[in-house]
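Novice: Questions regarding the structure given below will be posed in turn.
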Amino acid sequence: MDTQGKPKKNNFEIQKETETFSIKKAWGGVFNQATDPRMERFTESISFDQRLYYHDILGSQAHAKMLETVGILTPEERDAIISGLDAILQDIESGKFEYKIELEDIHMHIERALIERIGDTGRKLHTGRSRNDQVSTDLRLWMRDAADHVDGLLKNLQRAFIGRCDEDMDCILPGYTHTQRAQPVLAPHYWMAYCEKYDRDRQRIHDCRKRINILSLGAAALAGTSIPINRHMTAELLSFEDVGKNSLDISSDRDYAVEFVFVLTLIAEHLSSWAEEWILWSTEEFHFIQLPQKFCTGSSIMPQKVNPDTLELIRGKTARVVGDLQTLLVLLKGLPLAYNRDLQEDKPPIFDAYDTVCASLELAADIVAGTKLDREAISAKLDRGHLDATTFMEYLILRGIPQRTAHELVGKLVRKALNQKCRLADLSLSDFQEADASLDETVYSVLGVQQAILAFKSYGSTSQEQVKTQLNFWIKYLE
Ligand code: ARG
C-alpha cells in the first residue's frame, strides 16, 4: 500500500516497455510501435467486464451456429468452436482462467483462449461481427437475466410484506402527513402501500426488458457487414424478441442500460424511504417496531446501543445508485454516432447499481419478515394527536353540516380538548352541544381510533373491508 492507501500493484502483471507487443494484439497488424503500458492499464476493461464471460460465450456460440447455417463455417468448424467455448467456460468457472490487461477485455480473452485451444478455426469466429456489437449483445443478455433476478427479489419483498398482514390485521398505526400524526391506519394498509410501489417497479422492469431484449449482433462495427449473415436466426437462437434495425443506432445505443439503471434507482429510492421510516419507528421516541438484532450492530463505546445499520446503509447506498444513474447520463450526453470507447465506462455504474440494489432487496425482505410490532407501545400512543378528528368532521358532514363549517367546528372542539388535555372522546356531551346544539350522543360512535377505522368506506381506504379485499388480491397475485 502507498500512503494514499492504494495497492502499489494491481492484480495484473505490469507489462515491461518494449518496442514489440508482449502479447500479439488482435488489432496489431497496422502498428509499428508497442502500446504504452500505462495506456494499457488506463484502457483495459477486463477488470470489470470479465463479469460478462458467460453471456459472451453464449452469444459467440449462437453466432457460430448461424455462421454454419449460412455456409461460412463447416459443421466441424462450428462444433470445434462450440466445444472449445464450453471448455473455456469451464476454465473460467473453476478459476483456472488467466486474465491479462494486455488482452484488454473479456471478448479478446475468450477469443484468444479459443485460438490457443482449437487453432486456426478459432480465428474464424469473429467473422461478420465487431466487438462493438458483441459488447452490446453481451450486455443485453446479461441485463435480461439481471432484470429477471431483480423482478424475483421484488416479488420476494412483496411476499415478506404480505406474509405479515394476517397477523398484523388488528394493529392500528398512526398515519402521518408532514411527519405529523394524521389519521389511523391499519398496519397491513402500510405493508400493502409498499407492495404497490414495488409492483410499479416490477412493471417498469418488465417494460424496460422489452427494449433490452433486442439483438445487437450483426451491426458489426457500425455499418453492418458484407458477409451474408442471418441476424434473425441469431436472434431466435438467443431468444431475443426483435432484431435491432439500424446498425448505426445499435452500435451506439445504451439507452436500454440507462432505463434499467433508472428503474434500479427508483427501487433504491423506495427502499430508502421505507428504511428511513423504520429507522424512526425503531427509535425509543416511536417504539413501534423491534428490528431483528441480526441486522443491527452495537456501539464500540456505548454498551447499551443497538443500531439500525442495515437500514441506514440501505438508505445511504441509495446515494451511490443515484450517482450511477448520473454517471451514465453524463457519459452518453456528448457522444456522436456510432461506437465510441467512452461506452466502455458504462459497465461499472451498471454493475454497481445492480449489486447495490440486489443486496438491499435481499436484506429488506428478511428485515420485513423478522421485525416485531410493539403493540403495547403503539396502542399507548394512539390516543395522542386526535387521529379521529377528520372522521368526526365527516360524520358532521353526513349529518348535513357543510364541510367548511364542520371543519371549523371540529377545530374548535380539538382546541377545547387540547386545553383540557384530553381526547375528543373524553369531552362531555355539553361540550359538543355548546359547539353545535344539534349534536347528540351518536357523536361518540365515531370517536376513538377503533371507531374511526370502522367508519372508512371509500375504495382503497384503510377500512377493514377494503384492506381485506386488497390482501386477497395480493395473496392470489403473488402465488
Ligand atoms: N471493451 C470494449 C467496450 O466495453 C469493447 C469494444 C471495443 N471496441 C473497440 N472498437 N475498441 O466497449
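The chains in the C-alpha cells are called A, B, ... from first to last as shown; in each chain the residues are counted from 1, and the ligands are counted from 1 in the order shown.
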Could you list, as a PyMOL selection string, all protein and nucleic acid residues with an atom at most 8 Å from ligand 1, counting only C-alpha atoms and all ligand atoms?
Specialist: chain A and resi 44-46+49+104-107+130-136+221+339-347
Novice: Atoms to include: C-alpha atoms. Write the selected residues as a tab-separated table (two decimals), in the first residue's frame.
Specialist:
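The resulting file, result.tsv, is shown below:
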chain	number	residue	atom	x	y	z
A	44	GLU	CA	-8.41	-2.10	-20.03
A	45	SER	CA	-11.88	-3.25	-19.08
A	46	ILE	CA	-11.15	-6.88	-18.21
A	49	ASP	CA	-16.16	-6.83	-17.89
A	104	GLU	CA	-7.99	-5.56	-22.89
A	105	ASP	CA	-11.41	-7.06	-22.43
A	106	ILE	CA	-13.43	-10.24	-21.99
A	107	HIS	CA	-14.05	-10.58	-25.73
A	130	SER	CA	-17.14	-6.49	-34.26
A	131	ARG	CA	-16.53	-6.01	-30.58
A	132	ASN	CA	-18.88	-3.03	-30.80
A	133	ASP	CA	-21.96	-5.13	-31.48
A	134	GLN	CA	-20.53	-8.00	-29.43
A	135	VAL	CA	-20.24	-5.97	-26.23
A	136	SER	CA	-23.74	-4.60	-26.69
A	221	ALA	CA	-18.55	-2.06	-36.29
A	339	TYR	CA	-19.43	3.47	-31.21
A	340	ASN	CA	-17.07	5.50	-29.02
A	341	ARG	CA	-14.71	3.98	-26.47
A	342	ASP	CA	-16.40	6.09	-23.80
A	343	LEU	CA	-19.14	3.46	-23.89
A	344	GLN	CA	-16.84	1.05	-22.10
A	345	GLU	CA	-17.34	3.17	-18.98
A	346	ASP	CA	-21.00	2.13	-18.83
A	347	LYS	CA	-20.31	-1.16	-17.08
Novice: So that I can see what lies close to Asp151 (chain A), please list as a ChimeraX atom specification the residues with an atom at most 12 Å from it, counting only C-alpha atoms and leaving out residues fewer than 3 positions away in the same chain.
Specialist: /A:143-148,154-158,198-209,260,263-264,267,354,357-358,361-362
Novice: Between A:Gln450, A:Pro348, A:Phe240, A:Phe161, which is the closest to Thr391 (chain A) once you count only C-alpha atoms?
Specialist: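 Among A:Gln450, A:Pro348, A:Phe240, A:Phe161, it is A:Gln450 that comes nearest to Thr391 (chain A).
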Novice: Quick one: residues within 12 Å of region 469-474 of chain A, only C-alpha atoms counted, chain neighbours fewer than 6 positions away excluded, as a list in words?
Specialist: Lys155, Gln158, Arg159, Ala160, Phe161, Ile162, Gly163, Arg164, Cys165, Asp166, Asp168, Met169, Ala187, Pro188, His189, Tyr190, Trp191, Met192, Ala193, Tyr194, Cys195, Glu196, Asp199, Tyr459, Gly460, Ser461, Thr462 and Ser463 of chain A
Novice: Using DSSP on the backbone, list every residue of region 112-287 of chain A that comes out as strand (DSSP E), and give them as a PDB file with N, CA and C atoms, in the first residue's frame.
Specialist:
ATOM      1  N   ILE A 172     -53.551  -1.108  14.727  1.00  0.00           N
ATOM      2  CA  ILE A 172     -53.752   0.235  14.154  1.00  0.00           C
ATOM      3  C   ILE A 172     -52.493   1.063  14.419  1.00  0.00           C
ATOM      4  N   LEU A 173     -52.044   1.729  13.371  1.00  0.00           N
ATOM      5  CA  LEU A 173     -50.868   2.599  13.497  1.00  0.00           C
ATOM      6  C   LEU A 173     -51.291   4.033  13.192  1.00  0.00           C
ATOM      7  N   PRO A 174     -50.575   5.004  13.743  1.00  0.00           N
ATOM      8  CA  PRO A 174     -50.864   6.361  13.308  1.00  0.00           C
ATOM      9  C   PRO A 174     -50.391   6.521  11.864  1.00  0.00           C
ATOM     10  N   GLY A 175     -51.182   7.164  11.023  1.00  0.00           N
ATOM     11  CA  GLY A 175     -50.711   7.541   9.699  1.00  0.00           C
ATOM     12  C   GLY A 175     -50.261   8.997   9.778  1.00  0.00           C
ATOM     13  N   TYR A 176     -49.290   9.348   8.946  1.00  0.00           N
ATOM     14  CA  TYR A 176     -48.688  10.689   9.052  1.00  0.00           C
ATOM     15  C   TYR A 176     -48.799  11.464   7.750  1.00  0.00           C
ATOM     16  N   THR A 177     -48.948  12.780   7.870  1.00  0.00           N
ATOM     17  CA  THR A 177     -48.587  13.666   6.759  1.00  0.00           C
ATOM     18  C   THR A 177     -47.707  14.738   7.391  1.00  0.00           C
ATOM     19  N   GLN A 180     -46.442  14.519  10.834  1.00  0.00           N
ATOM     20  CA  GLN A 180     -47.320  14.837  11.962  1.00  0.00           C
ATOM     21  C   GLN A 180     -48.436  13.808  11.945  1.00  0.00           C
ATOM     22  N   ARG A 181     -48.871  13.407  13.129  1.00  0.00           N
ATOM     23  CA  ARG A 181     -49.949  12.425  13.218  1.00  0.00           C
ATOM     24  C   ARG A 181     -51.165  12.924  12.458  1.00  0.00           C
ATOM     25  N   ALA A 182     -51.777  12.037  11.672  1.00  0.00           N
ATOM     26  CA  ALA A 182     -52.874  12.484  10.819  1.00  0.00           C
ATOM     27  C   ALA A 182     -54.147  11.683  11.043  1.00  0.00           C
ATOM     28  N   GLN A 183     -54.145  10.431  10.588  1.00  0.00           N
ATOM     29  CA  GLN A 183     -55.340   9.581  10.739  1.00  0.00           C
ATOM     30  C   GLN A 183     -54.880   8.162  11.059  1.00  0.00           C
ATOM     31  N   PRO A 184     -55.754   7.371  11.674  1.00  0.00           N
ATOM     32  CA  PRO A 184     -55.358   5.989  11.984  1.00  0.00           C
ATOM     33  C   PRO A 184     -55.360   5.138  10.718  1.00  0.00           C
ATOM     34  N   VAL A 185     -54.447   4.165  10.685  1.00  0.00           N
ATOM     35  CA  VAL A 185     -54.292   3.320   9.509  1.00  0.00           C
ATOM     36  C   VAL A 185     -54.014   1.891   9.999  1.00  0.00           C
ATOM     37  N   LEU A 186     -54.617   0.907   9.355  1.00  0.00           N
ATOM     38  CA  LEU A 186     -54.308  -0.479   9.729  1.00  0.00           C
ATOM     39  C   LEU A 186     -52.895  -0.831   9.270  1.00  0.00           C
ATOM     40  N   ILE A 214     -33.389  -7.045 -27.443  1.00  0.00           N
ATOM     41  CA  ILE A 214     -33.271  -6.818 -28.890  1.00  0.00           C
ATOM     42  C   ILE A 214     -31.851  -7.183 -29.322  1.00  0.00           C
ATOM     43  N   LEU A 215     -31.729  -7.867 -30.436  1.00  0.00           N
ATOM     44  CA  LEU A 215     -30.400  -8.319 -30.876  1.00  0.00           C
ATOM     45  C   LEU A 215     -29.561  -7.166 -31.436  1.00  0.00           C
ATOM     46  N   ASP A 242     -36.609  -9.241 -30.805  1.00  0.00           N
ATOM     47  CA  ASP A 242     -36.562  -8.456 -32.037  1.00  0.00           C
ATOM     48  C   ASP A 242     -35.098  -8.270 -32.440  1.00  0.00           C
ATOM     49  N   VAL A 243     -34.915  -7.754 -33.671  1.00  0.00           N
ATOM     50  CA  VAL A 243     -33.564  -7.516 -34.187  1.00  0.00           C
ATOM     51  C   VAL A 243     -33.399  -6.008 -34.354  1.00  0.00           C
TER      52      VAL A 243
END
Novice: Would you please give, as an MDAnalysis selection string, all residues of region 249-288 of chain A that DSSP assigns to alpha helix (DSSP H) based on the backbone?
Specialist: chainID A and resid 249:252 255:281
Novice: Using only C-alpha atoms, which of A:Leu382, A:Val306, A:Met393, A:Leu398 sits nearest Gly448 (chain A)?
Specialist: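 When distances to Gly448 (chain A) are compared using only C-alpha atoms, the smallest one comes from A:Leu382.
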Novice: Between CA of Pro292 (chain A) and CA of Ile367 (chain A), measure the distance and give it in Å to one decimal.
Specialist: 6.6 Å
